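Participant: What follows is a structure written as structure tokens; I'll ask about it next.
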Number of protein chains: 2
Amino acid sequence: MAKTIAERADVVPLLAEVLREYGFEGASLAVIGERTGLGKGSLYHFFPGGKEEMAAAVLQEIDRWFEAEVYRPLREATDPRAAIDGMIGAVDDYFRSGRRICLVGAFALDNVRDRFATAVKGYFAEWRSALASALKRAGCAPDQAHSLAEETIIAIQGALVLSRALDDPTVFSRALETTQARLAKAMA
Amino acid sequence: MAKTIAERADVVPLLAEVLREYGFEGASLAVIGERTGLGKGSLYHFFPGGKEEMAAAVLQEIDRWFEAEVYRPLREATDPRAAIDGMIGAVDDYFRSGRRICLVGAFALDNVRDRFATAVKGYFAEWRSALASALKRAGCAPDQAHSLAEETIIAIQGALVLSRALDDPTVFSRALETTQARLAKAMA
DNA sequence: TAAAGTATGTAACGATCGGTACAGTTAGAA
DNA sequence: TTCTAACTGTACCGATCGTTACATACTTTA
């Protein structure tokens, strides 16, 4: 009465998209099942901890992706300016030019924040410190690098909020351009 | 079996705080009843439309407050620079220096956005245009005024996200200072 | 081919959800 | 005091929530 196809790793991206669309509370198991094509049996087979484990797996996958595609390049690239430009491009792709929200940011504003506080805090703390590191190596003074990194992350998160609120992706694109210009100027 | 005390207007601020803490889906009628001190009977007496009407009333009250305390001063003040400084102060107070989130921003990232799209969109659109108006009267070029207004709102919303994510109100305070400096510089 | 382990659909669980119905209590007008 | 309208607590509704249990089917190994 069942076919054996799914892999846990294949399900996580689908879960991520469902959580982005419905939020943690709004993403009922009925919706999750519908969108992933998996029944409750399979879902609880892969994630014995239920919804909480599903969300944790998604957050871990997000962290893994940003670590590989954003944080590590920022920390280790020999050309920090190229790494920063690469970050802008990666962010633009990842958030689909403002059409996709940041799940971690949404969790931060949600009442589930406490439940995933460590993951949420780690995501932003690592991003900020990695970007500050790249800015320092690109010639910024340490304190300017730190505040500029913070400003940049704020701009990205705020742009996602406003883009979505106004239902206008160009808000995000403009903000990303402005941010990139500010970063470039600081490294001049 | 009941005492007649409550006024609808007194309940709305309590509702606002509950929605901020729990989100729309997370704020169950049980929680709402507990926090407002009203039973379901009273709640449905004041808000026959249920949770949806409660949230709508909260959004309307927020809009009313911002219109009176922020938007109108920005649009009509004879001294636009003072109005902009006043906005910064009002925002700092309203969001309790980063310890309180923006309900409208949280709604924008939530799946309830569609249900309250008009209110959410109006809140930010009015803010942006009122601030741009003040900047223009303070001497900014029209297109610069518009982009600077957008940038400012983005910074405020992003700072609320990051502040809450890192559980660090100083992030919000720093962002507000940086924003104020940028606005002052553009009006110089 | 047979056994073992993995994956899956289904049915049911208690709890809680938003919402309704209504009787009872209160306050103010007449 | 009596009447009326506003207000409130309680019980209950069907629906849905996350979760569990379990029989069945598939895949893999031997």
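Each chain in the structure tokens gets a letter, A, B and so on, in the order shown; residues start at 1 in every chain, and ligands are counted from 1 in the order they appear.
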As a VMD selection string, please: the residues near A:Arg128 (cut-off 9 Å, only C-alpha atoms (C1' of nucleotides), same-chain neighbours under 5 positions excluded).

Facilitator: chain A and resid 71 123 133 146 149 to 150 152 to 153

Participant: Could you write out that same residue set with C-alpha atoms as a PDB file, in the first residue's frame?

Facilitator:
ATOM      1  CA  TYR A  71      29.573  32.944   5.358  1.00  0.00           C
ATOM      2  CA  TYR A 123      22.027  32.695  11.622  1.00  0.00           C
ATOM      3  CA  SER A 133      35.462  40.073   8.618  1.00  0.00           C
ATOM      4  CA  HIS A 146      31.053  45.923  12.227  1.00  0.00           C
ATOM      5  CA  ALA A 149      27.798  44.727   8.365  1.00  0.00           C
ATOM      6  CA  GLU A 150      24.947  45.213  10.776  1.00  0.00           C
ATOM      7  CA  THR A 152      23.627  45.683   5.576  1.00  0.00           C
ATOM      8  CA  ILE A 153      21.779  42.810   7.199  1.00  0.00           C
TER       9      ILE A 153
END

Participant: Would you give me, as a ChimeraX atom specification, the residues of chain C that come within 8 Å of chain B, using only C-alpha atoms (C1' of nucleotides)?

Facilitator: /C:17-19,24-27

Participant: Could you turn the residues from that selection into a file that holds all heavy atoms, as a CSV table (one decimal), in the first residue's frame?

Facilitator:
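Printed below is out-v1.csv as written:
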chain,number,residue,atom,x,y,z
C,17,DC,P,-6.5,26.7,22.0
C,17,DC,OP1,-5.3,27.4,22.1
C,17,DC,OP2,-7.6,26.8,23.0
C,17,DC,O5',-7.2,27.0,20.6
C,17,DC,C5',-6.5,26.6,19.4
C,17,DC,C4',-7.5,26.6,18.2
C,17,DC,O4',-8.3,25.4,18.3
C,17,DC,C3',-8.5,27.7,18.3
C,17,DC,O3',-8.0,28.9,17.7
C,17,DC,C2',-9.7,27.1,17.4
C,17,DC,C1',-9.5,25.6,17.7
C,17,DC,N1,-10.6,25.1,18.6
C,17,DC,C2,-11.8,24.6,18.1
C,17,DC,O2,-12.0,24.7,16.8
C,17,DC,N3,-12.7,24.1,18.9
C,17,DC,C4,-12.5,24.0,20.2
C,17,DC,N4,-13.4,23.5,21.0
C,17,DC,C5,-11.3,24.5,20.8
C,17,DC,C6,-10.4,25.0,20.0
C,18,DG,P,-8.5,30.3,18.1
C,18,DG,OP1,-7.6,31.3,17.6
C,18,DG,OP2,-8.9,30.2,19.5
C,18,DG,O5',-9.9,30.4,17.2
C,18,DG,C5',-9.7,30.3,15.8
C,18,DG,C4',-11.1,30.2,15.2
C,18,DG,O4',-11.9,29.1,15.7
C,18,DG,C3',-12.0,31.5,15.4
C,18,DG,O3',-12.7,31.8,14.3
C,18,DG,C2',-12.8,31.1,16.6
C,18,DG,C1',-13.0,29.6,16.4
C,18,DG,N9,-13.2,28.8,17.6
C,18,DG,C8,-12.5,28.9,18.7
C,18,DG,N7,-12.9,28.1,19.7
C,18,DG,C5,-14.0,27.5,19.1
C,18,DG,C6,-14.9,26.5,19.7
C,18,DG,O6,-14.9,26.0,20.8
C,18,DG,N1,-15.9,26.2,18.8
C,18,DG,C2,-16.1,26.7,17.5
C,18,DG,N2,-17.1,26.2,16.7
C,18,DG,N3,-15.2,27.6,17.0
C,18,DG,C4,-14.2,27.9,17.8
C,19,DG,P,-13.7,33.1,14.3
C,19,DG,OP1,-13.9,33.6,12.9
C,19,DG,OP2,-13.3,34.0,15.4
C,19,DG,O5',-15.1,32.4,14.8
C,19,DG,C5',-15.7,31.4,14.0
C,19,DG,C4',-16.9,30.9,14.6
C,19,DG,O4',-16.6,30.2,15.9
C,19,DG,C3',-18.0,32.0,15.0
C,19,DG,O3',-19.2,31.8,14.3
C,19,DG,C2',-18.2,31.8,16.5
C,19,DG,C1',-17.7,30.4,16.8
C,19,DG,N9,-17.1,30.2,18.1
C,19,DG,C8,-16.0,30.8,18.7
C,19,DG,N7,-15.8,30.4,19.9
C,19,DG,C5,-16.7,29.5,20.2
C,19,DG,C6,-17.0,28.7,21.3
C,19,DG,O6,-16.3,28.7,22.4
C,19,DG,N1,-18.1,27.8,21.2
C,19,DG,C2,-18.8,27.7,20.0
C,19,DG,N2,-19.8,26.9,20.1
C,19,DG,N3,-18.6,28.5,18.9
C,19,DG,C4,-17.6,29.3,19.1
C,24,DG,P,-31.6,31.6,33.8
C,24,DG,OP1,-31.7,30.5,34.8
C,24,DG,OP2,-32.8,32.3,33.4
C,24,DG,O5',-30.6,32.6,34.4
C,24,DG,C5',-29.2,32.3,34.6
C,24,DG,C4',-28.4,33.5,34.7
C,24,DG,O4',-28.2,34.1,33.5
C,24,DG,C3',-29.0,34.5,35.7
C,24,DG,O3',-28.0,34.9,36.7
C,24,DG,C2',-29.2,35.8,34.8
C,24,DG,C1',-28.3,35.5,33.6
C,24,DG,N9,-28.8,36.1,32.4
C,24,DG,C8,-29.9,35.8,31.7
C,24,DG,N7,-30.1,36.5,30.6
C,24,DG,C5,-28.9,37.3,30.5
C,24,DG,C6,-28.5,38.2,29.6
C,24,DG,O6,-29.1,38.6,28.5
C,24,DG,N1,-27.3,38.8,29.9
C,24,DG,C2,-26.5,38.5,31.0
C,24,DG,N2,-25.4,39.1,31.1
C,24,DG,N3,-26.9,37.6,31.9
C,24,DG,C4,-28.1,37.0,31.6
C,25,DT,P,-28.5,35.8,37.9
C,25,DT,OP1,-28.0,35.2,39.2
C,25,DT,OP2,-29.9,36.1,37.8
C,25,DT,O5',-27.6,37.1,37.7
C,25,DT,C5',-26.2,37.0,37.4
C,25,DT,C4',-25.7,38.3,36.9
C,25,DT,O4',-26.3,38.6,35.6
C,25,DT,C3',-26.1,39.6,37.7
C,25,DT,O3',-24.9,40.2,38.1
C,25,DT,C2',-27.0,40.4,36.8
C,25,DT,C1',-26.6,40.0,35.4
C,25,DT,N1,-27.6,40.1,34.4
C,25,DT,C2,-27.4,41.0,33.3
C,25,DT,O2,-26.3,41.6,33.2
C,25,DT,N3,-28.4,41.1,32.4
C,25,DT,C4,-29.6,40.4,32.4
C,25,DT,O4,-30.4,40.5,31.5
C,25,DT,C5,-29.8,39.5,33.5
C,25,DT,C7,-31.0,38.7,33.6
C,25,DT,C6,-28.8,39.4,34.4
C,26,DT,P,-25.0,41.3,39.3
C,26,DT,OP1,-23.7,41.2,40.0
C,26,DT,OP2,-26.3,41.2,40.0
C,26,DT,O5',-25.0,42.7,38.5
C,26,DT,C5',-23.9,43.1,37.7
C,26,DT,C4',-24.2,44.1,36.7
C,26,DT,O4',-25.4,43.6,35.9
C,26,DT,C3',-24.7,45.4,37.2
C,26,DT,O3',-23.6,46.3,37.1
C,26,DT,C2',-25.8,45.9,36.3
C,26,DT,C1',-25.9,44.7,35.3
C,26,DT,N1,-27.3,44.4,34.9
C,26,DT,C2,-27.8,44.8,33.7
C,26,DT,O2,-27.1,45.5,32.9
C,26,DT,N3,-29.1,44.5,33.4
C,26,DT,C4,-29.9,43.7,34.2
C,26,DT,O4,-31.1,43.4,33.8
C,26,DT,C5,-29.4,43.2,35.4
C,26,DT,C7,-30.2,42.4,36.3
C,26,DT,C6,-28.1,43.6,35.7
C,27,DA,P,-23.6,47.7,37.9
C,27,DA,OP1,-22.2,48.1,38.2
C,27,DA,OP2,-24.6,47.6,39.0
C,27,DA,O5',-24.2,48.7,36.8
C,27,DA,C5',-23.6,48.8,35.6
C,27,DA,C4',-24.4,49.6,34.6
C,27,DA,O4',-25.6,48.9,34.3
C,27,DA,C3',-24.9,51.0,35.3
C,27,DA,O3',-24.5,52.0,34.4
C,27,DA,C2',-26.4,50.8,35.4
C,27,DA,C1',-26.7,49.8,34.4
C,27,DA,N9,-27.9,48.9,34.7
C,27,DA,C8,-28.1,48.2,35.9
C,27,DA,N7,-29.2,47.5,35.9
C,27,DA,C5,-29.7,47.7,34.7
C,27,DA,C6,-30.9,47.3,34.1
C,27,DA,N6,-31.8,46.5,34.7
C,27,DA,N1,-31.2,47.7,32.9
C,27,DA,C2,-30.4,48.5,32.2
C,27,DA,N3,-29.2,49.0,32.7
C,27,DA,C4,-29.0,48.6,33.9

Participant: What are the DSSP alpha helix (DSSP H) residues of stretch 4-170 of chain B, as a ChimeraX atom specification?

Facilitator: /B:8-26,29-36,40-46,51-66,72-76,80-94,103-109,117-137,142-166,169-170

Participant: For chain B, which residues have at least one atom within 8 Å of chain A, if we go by only C-alpha atoms? Write them as a ChimeraX atom specification, please.

Facilitator: /B:21-23,25-26,101,105-106,108-111,113,117,120-121,124-125,151,153-159,161-162,164-167,175

Participant: Set the distance at 12 Å and use only C-alpha atoms (C1' of nucleotides): which residues neighbour A:Phe47 once local chain neighbours fewer than 4 positions away are removed? I'd like the list as a count of residues only.

Facilitator: 19

Participant: List as JSON, numbers by chain the protein and nucleic acid residues near D:DT4, meaning an atom at most 10 Å away when only C-alpha atoms (C1' of nucleotides) are counted, but skip any in the same chain fewer than 5 places from it.

Facilitator: {"C": [28, 29, 30]}

Participant: Which value, in Å to one decimal, gives the distance between atom CA of B:Thr36 and atom CA of B:Leu14?

Facilitator: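 Atom-to-atom, atom CA of B:Thr36 and atom CA of B:Leu14 are spaced 6.0 Å apart.
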
Participant: Can you check which residues of chain D have any atom within 10 Å of chain A? Use only C-alpha atoms (C1' of nucleotides) and format it as a PyMOL selection string.

Facilitator: chain D and resi 16-20+23-27

Participant: Include N, CA, C and O atoms (P, O5', C5', C4', C3', O3' and C1' of nucleotides) and write out the residues we just selected as a JSON list (two decimals), in the first residue's frame.

Facilitator:
[["chain", "number", "residue", "atom", "x", "y", "z"],
["D", 16, "DT", "P", -12.39, 21.27, 8.56],
["D", 16, "DT", "O5'", -11.06, 21.33, 9.44],
["D", 16, "DT", "C5'", -10.70, 22.55, 10.09],
["D", 16, "DT", "C4'", -9.66, 22.27, 11.15],
["D", 16, "DT", "C3'", -8.48, 21.41, 10.64],
["D", 16, "DT", "O3'", -7.30, 22.17, 10.76],
["D", 16, "DT", "C1'", -9.23, 20.72, 12.78],
["D", 17, "DC", "P", -5.92, 21.66, 10.18],
["D", 17, "DC", "O5'", -5.03, 21.52, 11.50],
["D", 17, "DC", "C5'", -5.00, 22.59, 12.43],
["D", 17, "DC", "C4'", -4.52, 22.09, 13.78],
["D", 17, "DC", "C3'", -3.39, 21.07, 13.71],
["D", 17, "DC", "O3'", -2.16, 21.74, 13.61],
["D", 17, "DC", "C1'", -5.06, 20.43, 15.33],
["D", 18, "DG", "P", -0.94, 20.98, 12.95],
["D", 18, "DG", "O5'", -0.41, 20.06, 14.12],
["D", 18, "DG", "C5'", -0.03, 20.64, 15.35],
["D", 18, "DG", "C4'", 0.28, 19.56, 16.36],
["D", 18, "DG", "C3'", 1.41, 18.61, 15.95],
["D", 18, "DG", "O3'", 2.19, 18.28, 17.09],
["D", 18, "DG", "C1'", -0.58, 17.38, 16.23],
["D", 19, "DT", "P", 3.47, 17.33, 16.95],
["D", 19, "DT", "O5'", 2.88, 15.89, 17.31],
["D", 19, "DT", "C5'", 2.13, 15.74, 18.51],
["D", 19, "DT", "C4'", 1.52, 14.35, 18.58],
["D", 19, "DT", "C3'", 2.49, 13.20, 18.23],
["D", 19, "DT", "O3'", 2.78, 12.48, 19.43],
["D", 19, "DT", "C1'", 0.28, 12.86, 17.35],
["D", 20, "DT", "P", 3.79, 11.24, 19.38],
["D", 20, "DT", "O5'", 2.81, 10.01, 19.23],
["D", 20, "DT", "C5'", 1.73, 9.86, 20.13],
["D", 20, "DT", "C4'", 0.91, 8.64, 19.77],
["D", 20, "DT", "C3'", 1.74, 7.37, 19.50],
["D", 20, "DT", "O3'", 1.30, 6.36, 20.40],
["D", 20, "DT", "C1'", 0.15, 7.73, 17.77],
["D", 23, "DA", "P", -1.44, -4.62, 13.58],
["D", 23, "DA", "O5'", -2.16, -5.08, 12.23],
["D", 23, "DA", "C5'", -3.33, -4.37, 11.79],
["D", 23, "DA", "C4'", -3.19, -4.00, 10.31],
["D", 23, "DA", "C3'", -2.61, -5.11, 9.43],
["D", 23, "DA", "O3'", -3.35, -5.18, 8.22],
["D", 23, "DA", "C1'", -1.29, -3.17, 9.22],
["D", 24, "DT", "P", -3.07, -6.32, 7.15],
["D", 24, "DT", "O5'", -2.31, -5.57, 5.96],
["D", 24, "DT", "C5'", -2.89, -4.40, 5.40],
["D", 24, "DT", "C4'", -1.88, -3.71, 4.51],
["D", 24, "DT", "C3'", -1.18, -4.63, 3.51],
["D", 24, "DT", "O3'", -1.32, -4.08, 2.21],
["D", 24, "DT", "C1'", 0.38, -3.26, 4.62],
["D", 25, "DA", "P", -1.06, -4.98, 0.91],
["D", 25, "DA", "O5'", 0.19, -4.27, 0.21],
["D", 25, "DA", "C5'", 0.09, -2.91, -0.15],
["D", 25, "DA", "C4'", 1.48, -2.32, -0.25],
["D", 25, "DA", "C3'", 2.39, -3.07, -1.25],
["D", 25, "DA", "O3'", 2.91, -2.11, -2.16],
["D", 25, "DA", "C1'", 3.49, -2.74, 0.82],
["D", 26, "DC", "P", 3.32, -2.59, -3.65],
["D", 26, "DC", "O5'", 4.85, -2.18, -3.78],
["D", 26, "DC", "C5'", 5.24, -0.88, -3.41],
["D", 26, "DC", "C4'", 6.56, -0.91, -2.68],
["D", 26, "DC", "C3'", 7.73, -1.49, -3.47],
["D", 26, "DC", "O3'", 8.51, -0.42, -3.95],
["D", 26, "DC", "C1'", 7.80, -2.05, -1.13],
["D", 27, "DT", "P", 9.71, -0.70, -5.02],
["D", 27, "DT", "O5'", 10.97, -0.94, -4.09],
["D", 27, "DT", "C5'", 11.32, 0.02, -3.11],
["D", 27, "DT", "C4'", 12.53, -0.46, -2.32],
["D", 27, "DT", "C3'", 13.64, -1.07, -3.18],
["D", 27, "DT", "O3'", 14.86, -0.42, -2.86],
["D", 27, "DT", "C1'", 13.06, -2.54, -1.38]]

Participant: Measure the distance from atom CA of B:Ser129 to atom CA of B:Ala82 in Å and round it to one decimal.

Facilitator: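 So the answer is 17.1 Å.
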
Participant: Suppose you want the space between atom CA of A:Asp93 and atom CA of A:Ser173; what is it in Å?

Facilitator: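 Those two atoms sit 10.9 Å apart.
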